[in-house]
file structure.pdb (PDB, C-alpha atoms)
ATOM      1  CA  MET A   1       0.000   0.000   0.000
ATOM      2  CA  ALA A   2       1.384   3.388  -0.988
ATOM      3  CA  ALA A   3       1.939   6.019   1.648
ATOM      4  CA  ILE A   4      -0.088   9.217   1.403
ATOM      5  CA  THR A   5       2.077  12.325   1.129
ATOM      6  CA  GLU A   6       1.369  15.637   2.844
ATOM      7  CA  PHE A   7       0.301  17.217  -0.463
ATOM      8  CA  GLN A   8      -2.237  14.423  -0.989
ATOM      9  CA  LYS A   9      -3.602  14.950   2.525
ATOM     10  CA  ILE A  10      -4.006  18.668   1.786
ATOM     11  CA  GLY A  11      -5.711  17.809  -1.507
ATOM     12  CA  ILE A  12      -8.149  15.445   0.186
ATOM     13  CA  GLY A  13      -8.992  18.158   2.701
ATOM     14  CA  LEU A  14      -9.573  20.725  -0.033
ATOM     15  CA  VAL A  15     -12.043  18.424  -1.828
ATOM     16  CA  GLY A  16     -14.682  19.324   0.758
ATOM     17  CA  PHE A  17     -14.148  23.037   0.235
ATOM     18  CA  GLY A  18     -14.380  22.657  -3.548
ATOM     19  CA  LEU A  19     -17.621  20.691  -3.324
ATOM     20  CA  PHE A  20     -18.995  23.224  -0.842
ATOM     21  CA  PHE A  21     -18.313  26.172  -3.144
ATOM     22  CA  LEU A  22     -19.672  24.380  -6.213
ATOM     23  CA  LEU A  23     -22.827  23.288  -4.407
ATOM     24  CA  PHE A  24     -23.574  26.704  -2.940
ATOM     25  CA  GLY A  25     -22.667  28.395  -6.219
ATOM     26  CA  VAL A  26     -25.397  26.373  -7.921
ATOM     27  CA  LEU A  27     -27.865  26.779  -5.044
ATOM     28  CA  LEU A  28     -27.411  30.558  -5.046
ATOM     29  CA  TYR A  29     -28.588  30.826  -8.660
ATOM     30  CA  PHE A  30     -25.231  30.217 -10.303
ATOM     31  CA  ASP A  31     -23.202  32.757  -8.371
ATOM     32  CA  PHE A  32     -20.112  33.036 -10.551
ATOM     33  CA  VAL A  33     -17.722  33.869  -7.704
ATOM     34  CA  LEU A  34     -18.536  30.699  -5.772
ATOM     35  CA  LEU A  35     -18.517  28.586  -8.937
ATOM     36  CA  ALA A  36     -15.194  30.037 -10.058
ATOM     37  CA  PHE A  37     -13.667  29.393  -6.650
ATOM     38  CA  GLY A  38     -15.019  25.817  -6.668
ATOM     39  CA  ASN A  39     -13.593  25.201 -10.150
ATOM     40  CA  ILE A  40     -10.187  26.561  -9.195
ATOM     41  CA  LEU A  41     -10.221  24.401  -6.070
ATOM     42  CA  PHE A  42     -11.160  21.335  -8.146
ATOM     43  CA  LEU A  43      -8.202  21.822 -10.476
ATOM     44  CA  THR A  44      -5.925  22.541  -7.517
ATOM     45  CA  VAL A  45      -7.110  19.432  -5.652
ATOM     46  CA  LEU A  46      -6.535  17.271  -8.697
ATOM     47  CA  THR A  47      -3.002  18.631  -8.961
ATOM     48  CA  PHE A  48      -2.340  18.085  -5.255
ATOM     49  CA  ILE A  49      -3.622  14.516  -5.251
ATOM     50  CA  ILE A  50      -2.140  13.072  -8.455
ATOM     51  CA  GLY A  51       0.650  15.563  -9.183
ATOM     52  CA  LEU A  52       1.272  18.209 -11.821
ATOM     53  CA  ARG A  53       2.670  15.920 -14.520
ATOM     54  CA  ARG A  54      -0.089  13.310 -14.194
ATOM     55  CA  THR A  55      -2.759  16.041 -14.200
ATOM     56  CA  PHE A  56      -1.284  17.488 -17.384
ATOM     57  CA  ASN A  57      -1.089  14.021 -18.947
ATOM     58  CA  PHE A  58      -4.700  13.295 -17.932
ATOM     59  CA  PHE A  59      -6.131  16.413 -19.558
ATOM     60  CA  PHE A  60      -4.027  16.368 -22.706
ATOM     61  CA  GLN A  61      -4.272  12.756 -23.871
ATOM     62  CA  ARG A  62      -5.208  12.513 -27.525
ATOM     63  CA  HIS A  63      -8.461  10.621 -26.958
ATOM     64  CA  LYS A  64      -9.535  12.982 -24.135
ATOM     65  CA  PHE A  65      -8.787  16.218 -25.939
ATOM     66  CA  ARG A  66     -12.425  17.036 -26.742
ATOM     67  CA  GLY A  67     -13.510  16.458 -23.131
ATOM     68  CA  SER A  68     -10.616  18.550 -21.846
ATOM     69  CA  PHE A  69     -11.459  21.322 -24.292
ATOM     70  CA  PHE A  70     -15.082  21.470 -23.132
ATOM     71  CA  PHE A  71     -14.228  21.126 -19.432
ATOM     72  CA  LEU A  72     -11.522  23.791 -19.396
ATOM     73  CA  GLY A  73     -13.617  25.949 -21.733
ATOM     74  CA  GLY A  74     -16.487  25.723 -19.253
ATOM     75  CA  VAL A  75     -14.165  26.739 -16.434
ATOM     76  CA  SER A  76     -13.001  29.729 -18.458
ATOM     77  CA  LEU A  77     -16.623  30.699 -19.244
ATOM     78  CA  VAL A  78     -17.424  30.639 -15.532
ATOM     79  CA  LEU A  79     -14.372  32.823 -14.892
ATOM     80  CA  CYS A  80     -15.637  35.223 -17.600
ATOM     81  CA  ARG A  81     -18.945  35.664 -15.723
ATOM     82  CA  TRP A  82     -21.098  33.332 -17.824
ATOM     83  CA  PRO A  83     -21.833  30.805 -15.078
ATOM     84  CA  PHE A  84     -24.886  28.986 -16.464
ATOM     85  CA  ILE A  85     -23.479  28.344 -19.931
ATOM     86  CA  GLY A  86     -20.068  27.623 -18.413
ATOM     87  CA  MET A  87     -21.458  24.989 -16.067
ATOM     88  CA  LEU A  88     -23.352  23.295 -18.918
ATOM     89  CA  VAL A  89     -20.229  23.188 -21.085
ATOM     90  CA  GLU A  90     -18.165  22.050 -18.113
ATOM     91  CA  ALA A  91     -20.637  19.262 -17.275
ATOM     92  CA  TYR A  92     -20.509  18.008 -20.864
ATOM     93  CA  GLY A  93     -16.702  18.021 -20.723
ATOM     94  CA  PHE A  94     -16.766  16.231 -17.372
ATOM     95  CA  ILE A  95     -18.945  13.480 -18.846
ATOM     96  CA  LEU A  96     -16.615  13.135 -21.829
ATOM     97  CA  LEU A  97     -13.523  13.015 -19.598
ATOM     98  CA  PHE A  98     -14.806  10.480 -17.084
ATOM     99  CA  ARG A  99     -17.128   8.331 -19.230
ATOM    100  CA  SER A 100     -14.832   5.317 -18.954
ATOM    101  CA  PHE A 101     -14.819   5.693 -15.163
ATOM    102  CA  PHE A 102     -18.605   5.717 -14.654
ATOM    103  CA  PRO A 103     -19.251   1.954 -15.155
ATOM    104  CA  MET A 104     -16.423   1.074 -12.764
ATOM    105  CA  ALA A 105     -17.728   3.529 -10.133
ATOM    106  CA  LEU A 106     -21.271   2.212 -10.523
ATOM    107  CA  GLY A 107     -20.046  -1.372 -10.112
ATOM    108  CA  PHE A 108     -18.157  -0.397  -6.965
ATOM    109  CA  VAL A 109     -21.163   1.379  -5.458
ATOM    110  CA  LEU A 110     -23.418  -1.570  -6.224
ATOM    111  CA  SER A 111     -20.961  -3.992  -4.652
ATOM    112  CA  VAL A 112     -20.684  -1.903  -1.490
ATOM    113  CA  VAL A 113     -24.340  -0.963  -1.121
ATOM    114  CA  ASN A 114     -26.732  -3.846  -1.581
ATOM    115  CA  ILE A 115     -29.898  -2.318  -3.039
ATOM    116  CA  PRO A 116     -31.969  -5.248  -4.282
ATOM    117  CA  PHE A 117     -34.130  -3.375  -6.812
ATOM    118  CA  LEU A 118     -31.221  -1.535  -8.423
ATOM    119  CA  THR A 119     -29.017  -4.609  -8.479
ATOM    120  CA  VAL A 120     -31.680  -6.699 -10.230
ATOM    121  CA  PHE A 121     -32.535  -3.852 -12.616
ATOM    122  CA  LEU A 122     -28.935  -3.168 -13.654
ATOM    123  CA  GLN A 123     -27.876  -6.816 -13.929
ATOM    124  CA  SER A 124     -30.808  -7.780 -16.117
ATOM    125  CA  GLY A 125     -29.810  -5.330 -18.838
ATOM    126  CA  SER A 126     -32.642  -3.910 -20.919
ATOM    127  CA  SER A 127     -35.120  -6.716 -20.184
ATOM    128  CA  MET A 128     -37.449  -5.968 -17.269
ATOM    129  CA  VAL A 129     -39.535  -9.125 -17.574
TER
END
call {"tool": "encode", "arguments": {"input": "structure.pdb", "output": "structure tokens"}}
result
Amino acid sequence: MAAITEFQKIGIGLVGFGLFFLLFGVLLYFDFVLLAFGNILFLTVLTFIIGLRRTFNFFFQRHKFRGSFFFLGGVSLVLCRWPFIGMLVEAYGFILLFRSFFPMALGFVLSVVNIPFLTVFLQSGSSMV
């Protein structure tokens, strides 16, 4: 098991602040200051947790370029005081960036939390009979 460095501990602590600012930025009718601060914290946390080089490599892989373009474009739109459009563009980029991660995360959540209806529904595929 790998040891957690001090920078990673700081990054894990800052995740809560980033989520807080993003959540309250949306709840307060897309307040651009809170959303911008949450976005900056998200990028900072990612850099703290996985490192600068791995963050750069993650965003600028050839097959993830379109997702990175939309995500970072959405962040820049939020910083330019267009929070609603920026968050929509950013959400689309987020989905494009992490689409290969969603099935793995869903499988993990279903293995940890035993919800009978969801487990049966998702394992059966498209057939509900």
call {"tool": "resolve_selection", "arguments": {"input": "structure.pdb", "expression": "the PyMOL selection byres ((chain A and resi 90) around 8)", "output": "list in words"}}
result
Phe70, Phe71, Leu72, Gly73, Gly74, Val75, Gly86, Met87, Leu88, Val89, Ala91, Tyr92, Gly93 and Phe94 of chain A
call {"tool": "write_last_selection", "arguments": {"input": "structure.pdb", "atoms": "C-alpha atoms", "output": "short mmCIF file (atom, residue, chain, number, x, y, z; two decimals), in the coordinates of the input"}}
result
data_model
loop_
_atom_site.label_atom_id
_atom_site.label_comp_id
_atom_site.auth_asym_id
_atom_site.auth_seq_id
_atom_site.Cartn_x
_atom_site.Cartn_y
_atom_site.Cartn_z
CA PHE A 70 -15.08 21.47 -23.13
CA PHE A 71 -14.23 21.13 -19.43
CA LEU A 72 -11.52 23.79 -19.40
CA GLY A 73 -13.62 25.95 -21.73
CA GLY A 74 -16.49 25.72 -19.25
CA VAL A 75 -14.16 26.74 -16.43
CA GLY A 86 -20.07 27.62 -18.41
CA MET A 87 -21.46 24.99 -16.07
CA LEU A 88 -23.35 23.30 -18.92
CA VAL A 89 -20.23 23.19 -21.08
CA ALA A 91 -20.64 19.26 -17.27
CA TYR A 92 -20.51 18.01 -20.86
CA GLY A 93 -16.70 18.02 -20.72
CA PHE A 94 -16.77 16.23 -17.37
#
call {"tool": "atom_distance", "arguments": {"input": "structure.pdb", "atom1": "CA of Phe69 in chain A", "atom2": "CA of Asn39 in chain A"}}
result
14.8 Å
call {"tool": "residues_around", "arguments": {"input": "structure.pdb", "residues": "Gln8 in chain A", "least_positions_apart": "4", "cutoff": "8 Å", "atoms": "all atoms listed in the file", "output": "ChimeraX atom specification"}}
result
/A:4,12,48-50
call {"tool": "atom_distance", "arguments": {"input": "structure.pdb", "atom1": "CA of Ser76 in chain A", "atom2": "CA of Ser100 in chain A"}}
result
24.5 Å
call {"tool": "atom_distance", "arguments": {"input": "structure.pdb", "atom1": "CA of Asn57 in chain A", "atom2": "CA of Phe17 in chain A"}}
result
24.9 Å
call {"tool": "closest_residue", "arguments": {"input": "structure.pdb", "among": "A:Ala36, A:Met1, A:Leu43, A:Val109", "to": "Leu23 in chain A", "atoms": "all atoms listed in the file"}}
result
A:Ala36
call {"tool": "closest_residue", "arguments": {"input": "structure.pdb", "among": "A:Leu28, A:Leu46, A:Ala105, A:Ala3", "to": "Val15 in chain A", "atoms": "all atoms listed in the file"}}
result
A:Leu46
call {"tool": "decode", "arguments": {"input": "structure.pdb", "residues": "chain A", "atoms": "C-alpha atoms", "output": "mmCIF file, in the first residue's frame"}}
result
data_model
loop_
_atom_site.group_PDB
_atom_site.id
_atom_site.type_symbol
_atom_site.label_atom_id
_atom_site.label_comp_id
_atom_site.auth_asym_id
_atom_site.auth_seq_id
_atom_site.Cartn_x
_atom_site.Cartn_y
_atom_site.Cartn_z
ATOM 1 C CA MET A 1 0.000 0.000 0.000
ATOM 2 C CA ALA A 2 1.384 3.388 -0.988
ATOM 3 C CA ALA A 3 1.939 6.019 1.648
ATOM 4 C CA ILE A 4 -0.088 9.217 1.403
ATOM 5 C CA THR A 5 2.077 12.325 1.129
ATOM 6 C CA GLU A 6 1.369 15.637 2.844
ATOM 7 C CA PHE A 7 0.301 17.217 -0.463
ATOM 8 C CA GLN A 8 -2.237 14.423 -0.989
ATOM 9 C CA LYS A 9 -3.602 14.950 2.525
ATOM 10 C CA ILE A 10 -4.006 18.668 1.786
ATOM 11 C CA GLY A 11 -5.711 17.809 -1.507
ATOM 12 C CA ILE A 12 -8.149 15.445 0.186
ATOM 13 C CA GLY A 13 -8.992 18.158 2.701
ATOM 14 C CA LEU A 14 -9.573 20.725 -0.033
ATOM 15 C CA VAL A 15 -12.043 18.424 -1.828
ATOM 16 C CA GLY A 16 -14.682 19.324 0.758
ATOM 17 C CA PHE A 17 -14.148 23.037 0.235
ATOM 18 C CA GLY A 18 -14.380 22.657 -3.548
ATOM 19 C CA LEU A 19 -17.621 20.691 -3.324
ATOM 20 C CA PHE A 20 -18.995 23.224 -0.842
ATOM 21 C CA PHE A 21 -18.313 26.172 -3.144
ATOM 22 C CA LEU A 22 -19.672 24.380 -6.213
ATOM 23 C CA LEU A 23 -22.827 23.288 -4.407
ATOM 24 C CA PHE A 24 -23.574 26.704 -2.940
ATOM 25 C CA GLY A 25 -22.667 28.395 -6.219
ATOM 26 C CA VAL A 26 -25.397 26.373 -7.921
ATOM 27 C CA LEU A 27 -27.865 26.779 -5.044
ATOM 28 C CA LEU A 28 -27.411 30.558 -5.046
ATOM 29 C CA TYR A 29 -28.588 30.826 -8.660
ATOM 30 C CA PHE A 30 -25.231 30.217 -10.303
ATOM 31 C CA ASP A 31 -23.202 32.757 -8.371
ATOM 32 C CA PHE A 32 -20.112 33.036 -10.551
ATOM 33 C CA VAL A 33 -17.722 33.869 -7.704
ATOM 34 C CA LEU A 34 -18.536 30.699 -5.772
ATOM 35 C CA LEU A 35 -18.517 28.586 -8.937
ATOM 36 C CA ALA A 36 -15.194 30.037 -10.058
ATOM 37 C CA PHE A 37 -13.667 29.393 -6.650
ATOM 38 C CA GLY A 38 -15.019 25.817 -6.668
ATOM 39 C CA ASN A 39 -13.593 25.201 -10.150
ATOM 40 C CA ILE A 40 -10.187 26.561 -9.195
ATOM 41 C CA LEU A 41 -10.221 24.401 -6.070
ATOM 42 C CA PHE A 42 -11.160 21.335 -8.146
ATOM 43 C CA LEU A 43 -8.202 21.822 -10.476
ATOM 44 C CA THR A 44 -5.925 22.541 -7.517
ATOM 45 C CA VAL A 45 -7.110 19.432 -5.652
ATOM 46 C CA LEU A 46 -6.535 17.271 -8.697
ATOM 47 C CA THR A 47 -3.002 18.631 -8.961
ATOM 48 C CA PHE A 48 -2.340 18.085 -5.255
ATOM 49 C CA ILE A 49 -3.622 14.516 -5.251
ATOM 50 C CA ILE A 50 -2.140 13.072 -8.455
ATOM 51 C CA GLY A 51 0.650 15.563 -9.183
ATOM 52 C CA LEU A 52 1.272 18.209 -11.821
ATOM 53 C CA ARG A 53 2.670 15.920 -14.520
ATOM 54 C CA ARG A 54 -0.089 13.310 -14.194
ATOM 55 C CA THR A 55 -2.759 16.041 -14.200
ATOM 56 C CA PHE A 56 -1.284 17.488 -17.384
ATOM 57 C CA ASN A 57 -1.089 14.021 -18.947
ATOM 58 C CA PHE A 58 -4.700 13.295 -17.932
ATOM 59 C CA PHE A 59 -6.131 16.413 -19.558
ATOM 60 C CA PHE A 60 -4.027 16.368 -22.706
ATOM 61 C CA GLN A 61 -4.272 12.756 -23.871
ATOM 62 C CA ARG A 62 -5.208 12.513 -27.525
ATOM 63 C CA HIS A 63 -8.461 10.621 -26.958
ATOM 64 C CA LYS A 64 -9.535 12.982 -24.135
ATOM 65 C CA PHE A 65 -8.787 16.218 -25.939
ATOM 66 C CA ARG A 66 -12.425 17.036 -26.742
ATOM 67 C CA GLY A 67 -13.510 16.458 -23.131
ATOM 68 C CA SER A 68 -10.616 18.550 -21.846
ATOM 69 C CA PHE A 69 -11.459 21.322 -24.292
ATOM 70 C CA PHE A 70 -15.082 21.470 -23.132
ATOM 71 C CA PHE A 71 -14.228 21.126 -19.432
ATOM 72 C CA LEU A 72 -11.522 23.791 -19.396
ATOM 73 C CA GLY A 73 -13.617 25.949 -21.733
ATOM 74 C CA GLY A 74 -16.487 25.723 -19.253
ATOM 75 C CA VAL A 75 -14.165 26.739 -16.434
ATOM 76 C CA SER A 76 -13.001 29.729 -18.458
ATOM 77 C CA LEU A 77 -16.623 30.699 -19.244
ATOM 78 C CA VAL A 78 -17.424 30.639 -15.532
ATOM 79 C CA LEU A 79 -14.372 32.823 -14.892
ATOM 80 C CA CYS A 80 -15.637 35.223 -17.600
ATOM 81 C CA ARG A 81 -18.945 35.664 -15.723
ATOM 82 C CA TRP A 82 -21.098 33.332 -17.824
ATOM 83 C CA PRO A 83 -21.833 30.805 -15.078
ATOM 84 C CA PHE A 84 -24.886 28.986 -16.464
ATOM 85 C CA ILE A 85 -23.479 28.344 -19.931
ATOM 86 C CA GLY A 86 -20.068 27.623 -18.413
ATOM 87 C CA MET A 87 -21.458 24.989 -16.067
ATOM 88 C CA LEU A 88 -23.352 23.295 -18.918
ATOM 89 C CA VAL A 89 -20.229 23.188 -21.085
ATOM 90 C CA GLU A 90 -18.165 22.050 -18.113
ATOM 91 C CA ALA A 91 -20.637 19.262 -17.275
ATOM 92 C CA TYR A 92 -20.509 18.008 -20.864
ATOM 93 C CA GLY A 93 -16.702 18.021 -20.723
ATOM 94 C CA PHE A 94 -16.766 16.231 -17.372
ATOM 95 C CA ILE A 95 -18.945 13.480 -18.846
ATOM 96 C CA LEU A 96 -16.615 13.135 -21.829
ATOM 97 C CA LEU A 97 -13.523 13.015 -19.598
ATOM 98 C CA PHE A 98 -14.806 10.480 -17.084
ATOM 99 C CA ARG A 99 -17.128 8.331 -19.230
ATOM 100 C CA SER A 100 -14.832 5.317 -18.954
ATOM 101 C CA PHE A 101 -14.819 5.693 -15.163
ATOM 102 C CA PHE A 102 -18.605 5.717 -14.654
ATOM 103 C CA PRO A 103 -19.251 1.954 -15.155
ATOM 104 C CA MET A 104 -16.423 1.074 -12.764
ATOM 105 C CA ALA A 105 -17.728 3.529 -10.133
ATOM 106 C CA LEU A 106 -21.271 2.212 -10.523
ATOM 107 C CA GLY A 107 -20.046 -1.372 -10.112
ATOM 108 C CA PHE A 108 -18.157 -0.397 -6.965
ATOM 109 C CA VAL A 109 -21.163 1.379 -5.458
ATOM 110 C CA LEU A 110 -23.418 -1.570 -6.224
ATOM 111 C CA SER A 111 -20.961 -3.992 -4.652
ATOM 112 C CA VAL A 112 -20.684 -1.903 -1.490
ATOM 113 C CA VAL A 113 -24.340 -0.963 -1.121
ATOM 114 C CA ASN A 114 -26.732 -3.846 -1.581
ATOM 115 C CA ILE A 115 -29.898 -2.318 -3.039
ATOM 116 C CA PRO A 116 -31.969 -5.248 -4.282
ATOM 117 C CA PHE A 117 -34.130 -3.375 -6.812
ATOM 118 C CA LEU A 118 -31.221 -1.535 -8.423
ATOM 119 C CA THR A 119 -29.017 -4.609 -8.479
ATOM 120 C CA VAL A 120 -31.680 -6.699 -10.230
ATOM 121 C CA PHE A 121 -32.535 -3.852 -12.616
ATOM 122 C CA LEU A 122 -28.935 -3.168 -13.654
ATOM 123 C CA GLN A 123 -27.876 -6.816 -13.929
ATOM 124 C CA SER A 124 -30.808 -7.780 -16.117
ATOM 125 C CA GLY A 125 -29.810 -5.330 -18.838
ATOM 126 C CA SER A 126 -32.642 -3.910 -20.919
ATOM 127 C CA SER A 127 -35.120 -6.716 -20.184
ATOM 128 C CA MET A 128 -37.449 -5.968 -17.269
ATOM 129 C CA VAL A 129 -39.535 -9.125 -17.574
#
